[in-house]
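The structure file target.txt is reproduced below (compact mmCIF, C-alpha atoms).
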# COMPACT_ATOMS: atom_id res chain seq x y z
CA MET A 1 8.06 9.67 12.28
CA LYS A 2 7.68 8.43 8.68
CA THR A 3 3.93 9.00 8.83
CA ALA A 4 4.39 12.48 10.28
CA MET A 5 6.88 13.32 7.52
CA LEU A 6 4.44 12.12 4.86
CA MET A 7 1.70 14.27 6.36
CA ALA A 8 3.98 17.31 6.48
CA MET A 9 5.01 16.72 2.88
CA MET A 10 1.38 16.46 1.78
CA THR A 11 0.44 19.68 3.57
CA ALA A 12 3.40 21.51 2.02
CA LEU A 13 2.45 20.29 -1.45
CA CYS A 14 -1.14 21.44 -0.97
CA MET A 15 0.11 24.86 0.12
CA MET A 16 2.40 25.09 -2.90
CA VAL A 17 -0.45 24.33 -5.29
CA GLY A 18 -2.69 26.79 -3.42
CA LYS A 19 -0.05 29.49 -3.67
CA ALA A 20 0.53 28.83 -7.35
CA PHE A 21 -3.13 29.24 -8.27
CA GLY A 22 -4.63 31.37 -5.51
CA GLY A 23 -1.84 33.44 -4.08
CA ASN A 24 -1.67 33.94 -0.32
CA GLY A 25 -5.38 33.33 0.12
CA GLY A 26 -5.18 30.10 -1.83
CA MET A 27 -2.24 28.98 0.27
CA LEU A 28 -4.23 29.54 3.48
CA TYR A 29 -7.18 27.52 2.20
CA ALA A 30 -4.79 24.80 1.07
CA LEU A 31 -3.22 24.69 4.54
CA ILE A 32 -6.62 24.17 6.16
CA PHE A 33 -7.47 21.54 3.56
CA GLY A 34 -4.15 19.74 4.07
CA VAL A 35 -4.46 19.56 7.86
CA GLY A 36 -8.07 18.36 7.65
CA MET A 37 -7.15 15.77 5.05
CA ASN A 38 -4.32 14.40 7.19
CA LEU A 39 -6.63 13.97 10.18
CA TYR A 40 -9.22 12.23 8.03
CA TYR A 41 -6.66 9.88 6.51
CA TYR A 42 -5.26 8.93 9.91
CA TRP A 43 -8.65 7.61 11.00
CA TYR A 44 -10.26 6.43 7.75
CA SER A 45 -7.55 5.65 5.19
CA ASP A 46 -7.93 1.89 5.74
CA SER A 47 -11.69 2.04 5.13
CA MET A 48 -11.09 4.00 1.93
CA VAL A 49 -8.72 1.37 0.54
CA LEU A 50 -10.99 -1.54 1.51
CA SER A 51 -13.95 0.22 -0.06
CA HIS A 52 -12.00 0.84 -3.27
CA TYR A 53 -11.47 -2.91 -3.69
CA HIS A 54 -15.01 -3.84 -2.56
CA ALA A 55 -13.58 -5.95 0.26
CA GLN A 56 -16.06 -7.83 2.44
CA GLU A 57 -15.42 -8.69 6.08
CA CYS A 58 -15.59 -12.39 6.91
CA SER A 59 -15.95 -14.21 10.22
CA ARG A 60 -14.86 -17.54 11.65
CA SER A 61 -18.12 -19.13 10.46
CA SER A 62 -17.88 -17.79 6.88
CA ALA A 63 -14.16 -18.56 6.37
CA PRO A 64 -13.12 -20.99 9.13
CA GLU A 65 -9.79 -22.17 7.67
CA LEU A 66 -8.57 -18.70 6.68
CA TYR A 67 -9.73 -17.19 9.97
CA SER A 68 -8.06 -19.92 12.05
CA MET A 69 -4.78 -19.61 10.16
CA ILE A 70 -4.64 -15.82 10.70
CA GLU A 71 -5.64 -16.26 14.34
CA ARG A 72 -2.87 -18.80 14.92
CA LEU A 73 -0.20 -16.65 13.27
CA SER A 74 -1.34 -13.54 15.17
CA LYS A 75 -1.06 -15.32 18.50
CA LYS A 76 2.37 -16.62 17.57
CA ALA A 77 3.47 -13.08 16.69
CA GLY A 78 2.03 -11.71 19.96
CA LEU A 79 -0.59 -9.57 18.20
CA PRO A 80 -4.33 -9.11 18.65
CA MET A 81 -6.52 -10.80 16.07
CA PRO A 82 -6.91 -8.51 13.02
CA LYS A 83 -10.13 -8.24 11.07
CA VAL A 84 -10.25 -10.51 8.04
CA TYR A 85 -11.52 -9.32 4.65
CA LYS A 86 -11.92 -11.06 1.30
CA ILE A 87 -11.70 -9.43 -2.13
CA ASN A 88 -13.70 -11.32 -4.73
CA THR A 89 -11.27 -11.71 -7.63
CA ASP A 90 -9.48 -14.65 -9.22
CA VAL A 91 -6.21 -12.69 -9.24
CA PRO A 92 -4.17 -13.89 -6.21
CA ASN A 93 -2.82 -11.21 -3.89
CA ALA A 94 -3.11 -9.85 -0.34
CA PHE A 95 -2.37 -6.78 1.78
CA ALA A 96 -2.62 -5.53 5.36
CA THR A 97 -3.96 -2.16 6.47
CA GLY A 98 -5.04 -0.25 9.57
CA ARG A 99 -3.65 2.47 11.81
CA ASN A 100 -2.13 0.16 14.47
CA PRO A 101 -2.07 -3.53 15.50
CA GLU A 102 -5.25 -3.04 17.53
CA HIS A 103 -7.12 -1.81 14.44
CA ALA A 104 -5.49 -3.97 11.77
CA VAL A 105 -6.98 -5.73 8.76
CA VAL A 106 -5.69 -8.55 6.59
CA ALA A 107 -7.33 -8.54 3.15
CA VAL A 108 -7.00 -11.63 0.96
CA ASN A 109 -8.10 -12.14 -2.63
CA THR A 110 -10.23 -15.24 -3.13
CA GLY A 111 -7.90 -16.29 -5.93
CA LEU A 112 -5.07 -16.55 -3.41
CA ILE A 113 -7.02 -19.03 -1.28
CA ASN A 114 -7.94 -21.14 -4.29
CA MET A 115 -4.49 -21.21 -5.88
CA LEU A 116 -2.04 -21.73 -3.02
CA SER A 117 -1.32 -24.73 -0.83
CA ASP A 118 -1.76 -24.38 2.92
CA GLN A 119 1.97 -23.83 3.47
CA GLU A 120 2.12 -21.20 0.75
CA LEU A 121 -0.97 -19.40 2.04
CA GLU A 122 0.46 -19.47 5.55
CA GLY A 123 3.62 -17.80 4.25
CA VAL A 124 1.66 -14.99 2.62
CA LEU A 125 -0.46 -14.42 5.71
CA ALA A 126 2.65 -14.44 7.92
CA HIS A 127 4.14 -11.76 5.63
CA GLU A 128 1.08 -9.54 6.16
CA ILE A 129 1.07 -10.23 9.91
CA SER A 130 4.73 -9.14 9.93
CA HIS A 131 3.78 -5.82 8.33
CA ILE A 132 1.28 -5.32 11.16
CA LYS A 133 3.89 -6.23 13.80
CA HIS A 134 6.42 -3.80 12.32
CA ARG A 135 3.76 -1.07 12.20
CA ASP A 136 4.22 -0.58 8.48
CA ILE A 137 0.50 -0.52 7.79
CA LEU A 138 -0.34 3.06 8.80
CA THR A 139 2.41 4.60 6.70
CA SER A 140 1.59 2.34 3.77
CA THR A 141 -2.13 3.06 3.81
CA ILE A 142 -1.80 6.82 4.27
CA ALA A 143 0.77 6.92 1.47
CA ALA A 144 -1.73 5.19 -0.81
CA CYS A 145 -4.38 7.81 -0.10
CA MET A 146 -1.89 10.66 -0.43
CA ALA A 147 -0.66 9.37 -3.77
CA SER A 148 -4.27 9.41 -4.98
CA VAL A 149 -4.73 13.01 -3.81
CA ILE A 150 -1.44 14.10 -5.40
CA SER A 151 -2.60 12.67 -8.72
CA TYR A 152 -5.86 14.59 -8.28
CA LEU A 153 -3.95 17.81 -7.53
CA ALA A 154 -1.97 17.31 -10.72
CA HIS A 155 -5.21 17.18 -12.72
CA VAL A 156 -6.52 20.27 -10.92
CA ALA A 157 -3.29 22.13 -11.69
CA GLN A 158 -3.48 21.09 -15.33
CA TRP A 159 -7.04 22.36 -15.75
CA ALA A 160 -6.21 25.57 -13.88
CA MET A 161 -3.40 26.22 -16.33
CA ILE A 162 -5.70 25.53 -19.30
CA LEU A 163 -8.40 27.87 -17.93
CA GLY A 164 -5.94 30.63 -17.13
CA GLY A 165 -5.64 29.97 -13.40
CA GLY A 166 -1.93 30.60 -13.56
CA ARG A 167 -2.16 34.34 -14.41
CA ARG A 168 -0.15 36.55 -12.12
CA ASP A 169 -1.54 39.58 -10.33
CA ASP A 170 -0.78 41.12 -6.94
CA ASP A 171 -1.94 38.12 -4.94
CA ARG A 172 -1.75 35.25 -7.43
CA GLY A 173 0.87 32.68 -8.17
CA SER A 174 2.62 32.44 -11.52
CA GLY A 175 2.16 30.21 -14.53
CA PHE A 176 5.62 28.84 -13.78
CA GLY A 177 4.41 27.83 -10.32
CA GLY A 178 1.46 26.01 -11.83
CA LEU A 179 3.68 24.20 -14.31
CA PHE A 180 6.00 23.24 -11.45
CA ALA A 181 3.03 21.78 -9.54
CA ILE A 182 1.98 19.71 -12.56
CA ILE A 183 5.47 18.24 -12.89
CA LEU A 184 6.09 17.75 -9.17
CA ALA A 185 2.80 16.11 -8.23
CA PRO A 186 3.19 12.81 -10.14
CA LEU A 187 6.86 12.67 -9.18
CA ALA A 188 6.00 13.12 -5.50
CA ALA A 189 3.41 10.34 -5.71
CA SER A 190 5.98 7.96 -7.19
CA LEU A 191 8.62 8.89 -4.62
CA ILE A 192 6.17 8.32 -1.76
CA GLN A 193 5.51 4.79 -2.97
CA MET A 194 9.12 3.99 -3.78
CA ALA A 195 10.49 5.28 -0.47
CA ILE A 196 8.31 3.18 1.82
CA SER A 197 8.12 -0.20 0.13
CA ARG A 198 11.26 -2.01 -0.89
CA SER A 199 13.21 -2.53 2.34
CA ARG A 200 10.03 -3.23 4.27
CA GLU A 201 9.11 -6.08 1.92
CA TYR A 202 12.45 -7.79 2.56
CA GLU A 203 12.00 -7.42 6.31
CA ALA A 204 8.42 -8.74 6.23
CA ASP A 205 9.60 -11.73 4.17
CA ARG A 206 12.32 -12.51 6.70
CA SER A 207 9.96 -12.19 9.65
CA ALA A 208 7.39 -14.40 7.91
CA GLY A 209 10.05 -17.08 7.44
CA GLU A 210 10.85 -16.95 11.14
CA LEU A 211 7.18 -17.00 12.10
CA THR A 212 6.31 -20.07 10.01
CA ARG A 213 9.75 -21.73 10.16
CA ASN A 214 9.18 -22.43 6.49
CA PRO A 215 10.58 -19.68 4.21
CA GLU A 216 10.18 -21.98 1.19
CA GLY A 217 6.39 -21.77 1.51
CA LEU A 218 6.44 -18.00 1.04
CA ALA A 219 9.04 -18.23 -1.74
CA ALA A 220 6.82 -20.61 -3.72
CA ALA A 221 3.79 -18.37 -3.12
CA LEU A 222 5.61 -15.27 -4.40
CA LEU A 223 6.55 -17.02 -7.63
CA LYS A 224 2.96 -18.16 -8.24
CA ILE A 225 1.45 -14.75 -7.45
CA GLU A 226 3.91 -12.91 -9.68
CA ALA A 227 3.41 -15.32 -12.57
CA TYR A 228 -0.34 -14.69 -12.43
CA ALA A 229 0.14 -10.91 -12.04
CA HIS A 230 2.09 -10.82 -15.30
CA ARG A 231 -0.81 -12.48 -17.11
CA ARG A 232 -3.68 -10.49 -15.68
CA VAL A 233 -3.99 -7.11 -13.95
CA MET A 234 -6.08 -7.13 -10.78
CA PRO A 235 -9.45 -5.34 -11.14
CA ASN A 236 -9.48 -1.80 -9.67
CA ALA A 237 -5.72 -1.89 -9.08
CA ASN A 238 -3.94 1.46 -9.43
CA GLU A 239 -0.49 2.92 -8.87
CA ALA A 240 -1.55 4.67 -5.67
CA THR A 241 -2.29 1.41 -3.82
CA ALA A 242 0.06 -1.00 -5.64
CA HIS A 243 2.73 -0.81 -2.94
CA MET A 244 0.34 -2.24 -0.32
CA PHE A 245 0.13 -5.69 -1.93
CA ILE A 246 2.57 -8.53 -1.40
CA ILE A 247 3.22 -8.53 -5.17
CA ASN A 248 2.64 -5.49 -7.36
CA PRO A 249 -0.82 -6.07 -8.90
CA LEU A 250 0.30 -4.01 -11.91
CA ALA A 251 3.31 -6.21 -12.60
CA GLY A 252 1.95 -7.00 -16.04
CA VAL A 253 2.09 -3.33 -17.04
CA ASP A 254 5.40 -1.95 -18.31
CA PHE A 255 6.34 0.76 -15.81
CA ASN A 256 9.68 2.45 -15.38
CA SER A 257 11.71 0.31 -12.95
CA LEU A 258 12.91 3.49 -11.21
CA PHE A 259 9.47 3.82 -9.65
CA SER A 260 8.95 0.13 -8.89
CA THR A 261 7.08 -0.31 -5.62
CA HIS A 262 8.52 -3.76 -4.82
CA PRO A 263 11.92 -5.45 -4.87
CA LYS A 264 12.47 -7.99 -7.62
CA THR A 265 10.69 -11.21 -6.77
CA ALA A 266 13.76 -13.23 -7.76
CA ASP A 267 15.80 -11.36 -5.12
CA ARG A 268 13.13 -11.95 -2.49
CA VAL A 269 12.97 -15.66 -3.32
CA ALA A 270 16.76 -15.95 -3.18
CA ARG A 271 16.82 -14.40 0.30
CA LEU A 272 14.03 -16.67 1.51
CA ARG A 273 15.80 -19.78 0.20
CA GLU A 274 19.02 -18.69 1.88
CA GLN A 275 17.04 -18.27 5.10
CA ALA A 276 15.60 -21.77 4.63
CA ARG A 277 19.11 -23.20 4.21
CA SER A 278 20.25 -21.46 7.40
CA MET A 279 17.33 -23.17 9.19
CA GLY A 280 18.42 -26.55 7.85
CA ARG A 281 15.41 -26.83 5.53
Starting from the coordinates I provided, produce the structure as structure tokens.
Amino acid sequence: MKTAMLMAMMTALCMMVGKAFGGNGGMLYALIFGVGMNLYYYWYSDSMVLSHYHAQECSRSSAPELYSMIERLSKKAGLPMPKVYKINTDVPNAFATGRNPEHAVVAVNTGLINMLSDQELEGVLAHEISHIKHRDILTSTIAACMASVISYLAHVAQWAMILGGGRRDDDRGSGFGGLFAIILAPLAASLIQMAISRSREYEADRSAGELTRNPEGLAAALLKIEAYAHRRVMPNANEATAHMFIINPLAGVDFNSLFSTHPKTADRVARLREQARSMGR
């Protein structure tokens, strides 16, 4: 239902921009474009995100320890084995993507493997496996692609206004409509990211703690990843995909906290440590 609502919202926004700059005819073209875009994103949004970060698929032979750890956690969670991808960067982070558990991917930065202990890495991987189990990955990935398109629409609207695309005639939209589109588009992108991320991160943390029986491992990993993220921004990271990662890869950039894509790491760690105490750890 969340994914369907996102798709409907995206189509409506496209139609609004089309109406503002092309009148009724523009709105019709925008409707066709919006429907086609939604279908494309449903099937290929995961590939688009992986391609953006130059992720490379790895096998049991090329990454035996990582592959075995993900395989073990997937079996424990009752899920099919996801594909495993590596992103070649020293900045530690990870995300999961795909349209369903049968077509899921866990992508891990090489820096994460090099920096974390086995227990910490297991906690991070269990967090991503939990996102797959809860079927968060489709909504998250489509939202990333939609946020990118909304930003693009904002630029189109801006140039249309500059070039006089907002003039009104019998079948055109108004300059006010174009200005409204420019203001609404970035806001909609931020709201998409904010609406789908925070509560799901808490739930994935909790499920990871149950899966590994070691919430402290994930808590320690979150602190290490965030500390590094504040020192160095991950290459190719952008606001559209930031919500997909276990820690915001743009944490070192000063953004308005209203549009934060993740809960505060300190709050997540506190919950994980409380969970550990309840387990007698």
Pick from A:Glu226, A:Glu239, A:Glu71, A:Glu128 nearest to Pro92 in chain A, counting only C-alpha atoms: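 Distance minimum relative to Pro92 in chain A lands on A:Glu226.
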Distance query range 133-137 of chain A at most 8 Å, all atoms listed in the file, self and fewer than 3 positions along chain excluded, as a PyMOL selection string: chain A and resi 77+79+96-101+104+129-130+140-141+200
Residues just named, written with C-alpha atoms as a CSV table (one decimal), keeping the file's coordinate frame:
chain,number,residue,atom,x,y,z
A,77,ALA,CA,3.5,-13.1,16.7
A,79,LEU,CA,-0.6,-9.6,18.2
A,96,ALA,CA,-2.6,-5.5,5.4
A,97,THR,CA,-4.0,-2.2,6.5
A,98,GLY,CA,-5.0,-0.2,9.6
A,99,ARG,CA,-3.6,2.5,11.8
A,100,ASN,CA,-2.1,0.2,14.5
A,101,PRO,CA,-2.1,-3.5,15.5
A,104,ALA,CA,-5.5,-4.0,11.8
A,129,ILE,CA,1.1,-10.2,9.9
A,130,SER,CA,4.7,-9.1,9.9
A,140,SER,CA,1.6,2.3,3.8
A,141,THR,CA,-2.1,3.1,3.8
A,200,ARG,CA,10.0,-3.2,4.3
Long-range neighbours of Ser51 in chain A as a ChimeraX atom specification, 12 Å cut-off, only C-alpha atoms, 4 positions minimum in chain: /A:44-47,55-57,85-87,107,236
Calculate, to one decimal in Å, the centre and edge lengths of the box along x, y and z of the file that holds all listed atoms of range 70-83 of chain A with 5 Å of margin on each side, and present them as lines of an AutoDock Vina configuration file.
center_x = -3.3
center_y = -13.5
center_z = 15.3
size_x = 23.6
size_y = 20.6
size_z = 19.3
Distance criterion (all atoms listed in the file): nearest to Tyr53 in chain A out of A:Ala237, A:Ile150, A:Cys14, A:Thr212: A:Ala237
Separation of CA of Val233 in chain A from CA of Tyr40 in chain A, in Å and rounded to one decimal: 29.7 Å
Which residue of A:Tyr29, A:Leu13, A:Phe95, A:Ala270 approaches Phe245 in chain A most closely, using only C-alpha atoms: A:Phe95
Selection near range 272-278 of chain A, 7 Å with all atoms listed in the file, sequence-local residues under 4 positions removed, as number ranges by chain: A: 206, 214-216, 219, 268
d(CA of Asp118 in chain A, CA of His103 in chain A) in Å: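 Distance between the two atoms: 25.9 Å.
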Gap from CA of Met69 in chain A to CA of Gly280 in chain A - Å, one decimal: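 A separation of 24.3 Å between them.
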Closest of A:Val84, A:Ile32, A:Met279, A:Ala4 to Ser59 in chain A - atom-to-atom distances counting all atoms listed in the file: A:Val84
Selected residue, from A:Met9, A:Ala208, A:Ala266, A:Val91, that lies nearest to Gln119 in chain A when counting all atoms listed in the file: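 Checking each candidate against Gln119 in chain A, we get A:Ala208 as the closest.
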Selected residue, from A:Thr265, A:Glu210, A:Glu65, A:Thr139, that lies nearest to Tyr41 in chain A when counting only C-alpha atoms: A:Thr139
Spatial neighbours of Ile246 in chain A, max dist 8 Å, all atoms listed in the file, sep filter under 5 positions, as a ChimeraX atom specification: /A:93-95,124,127-128,201,222
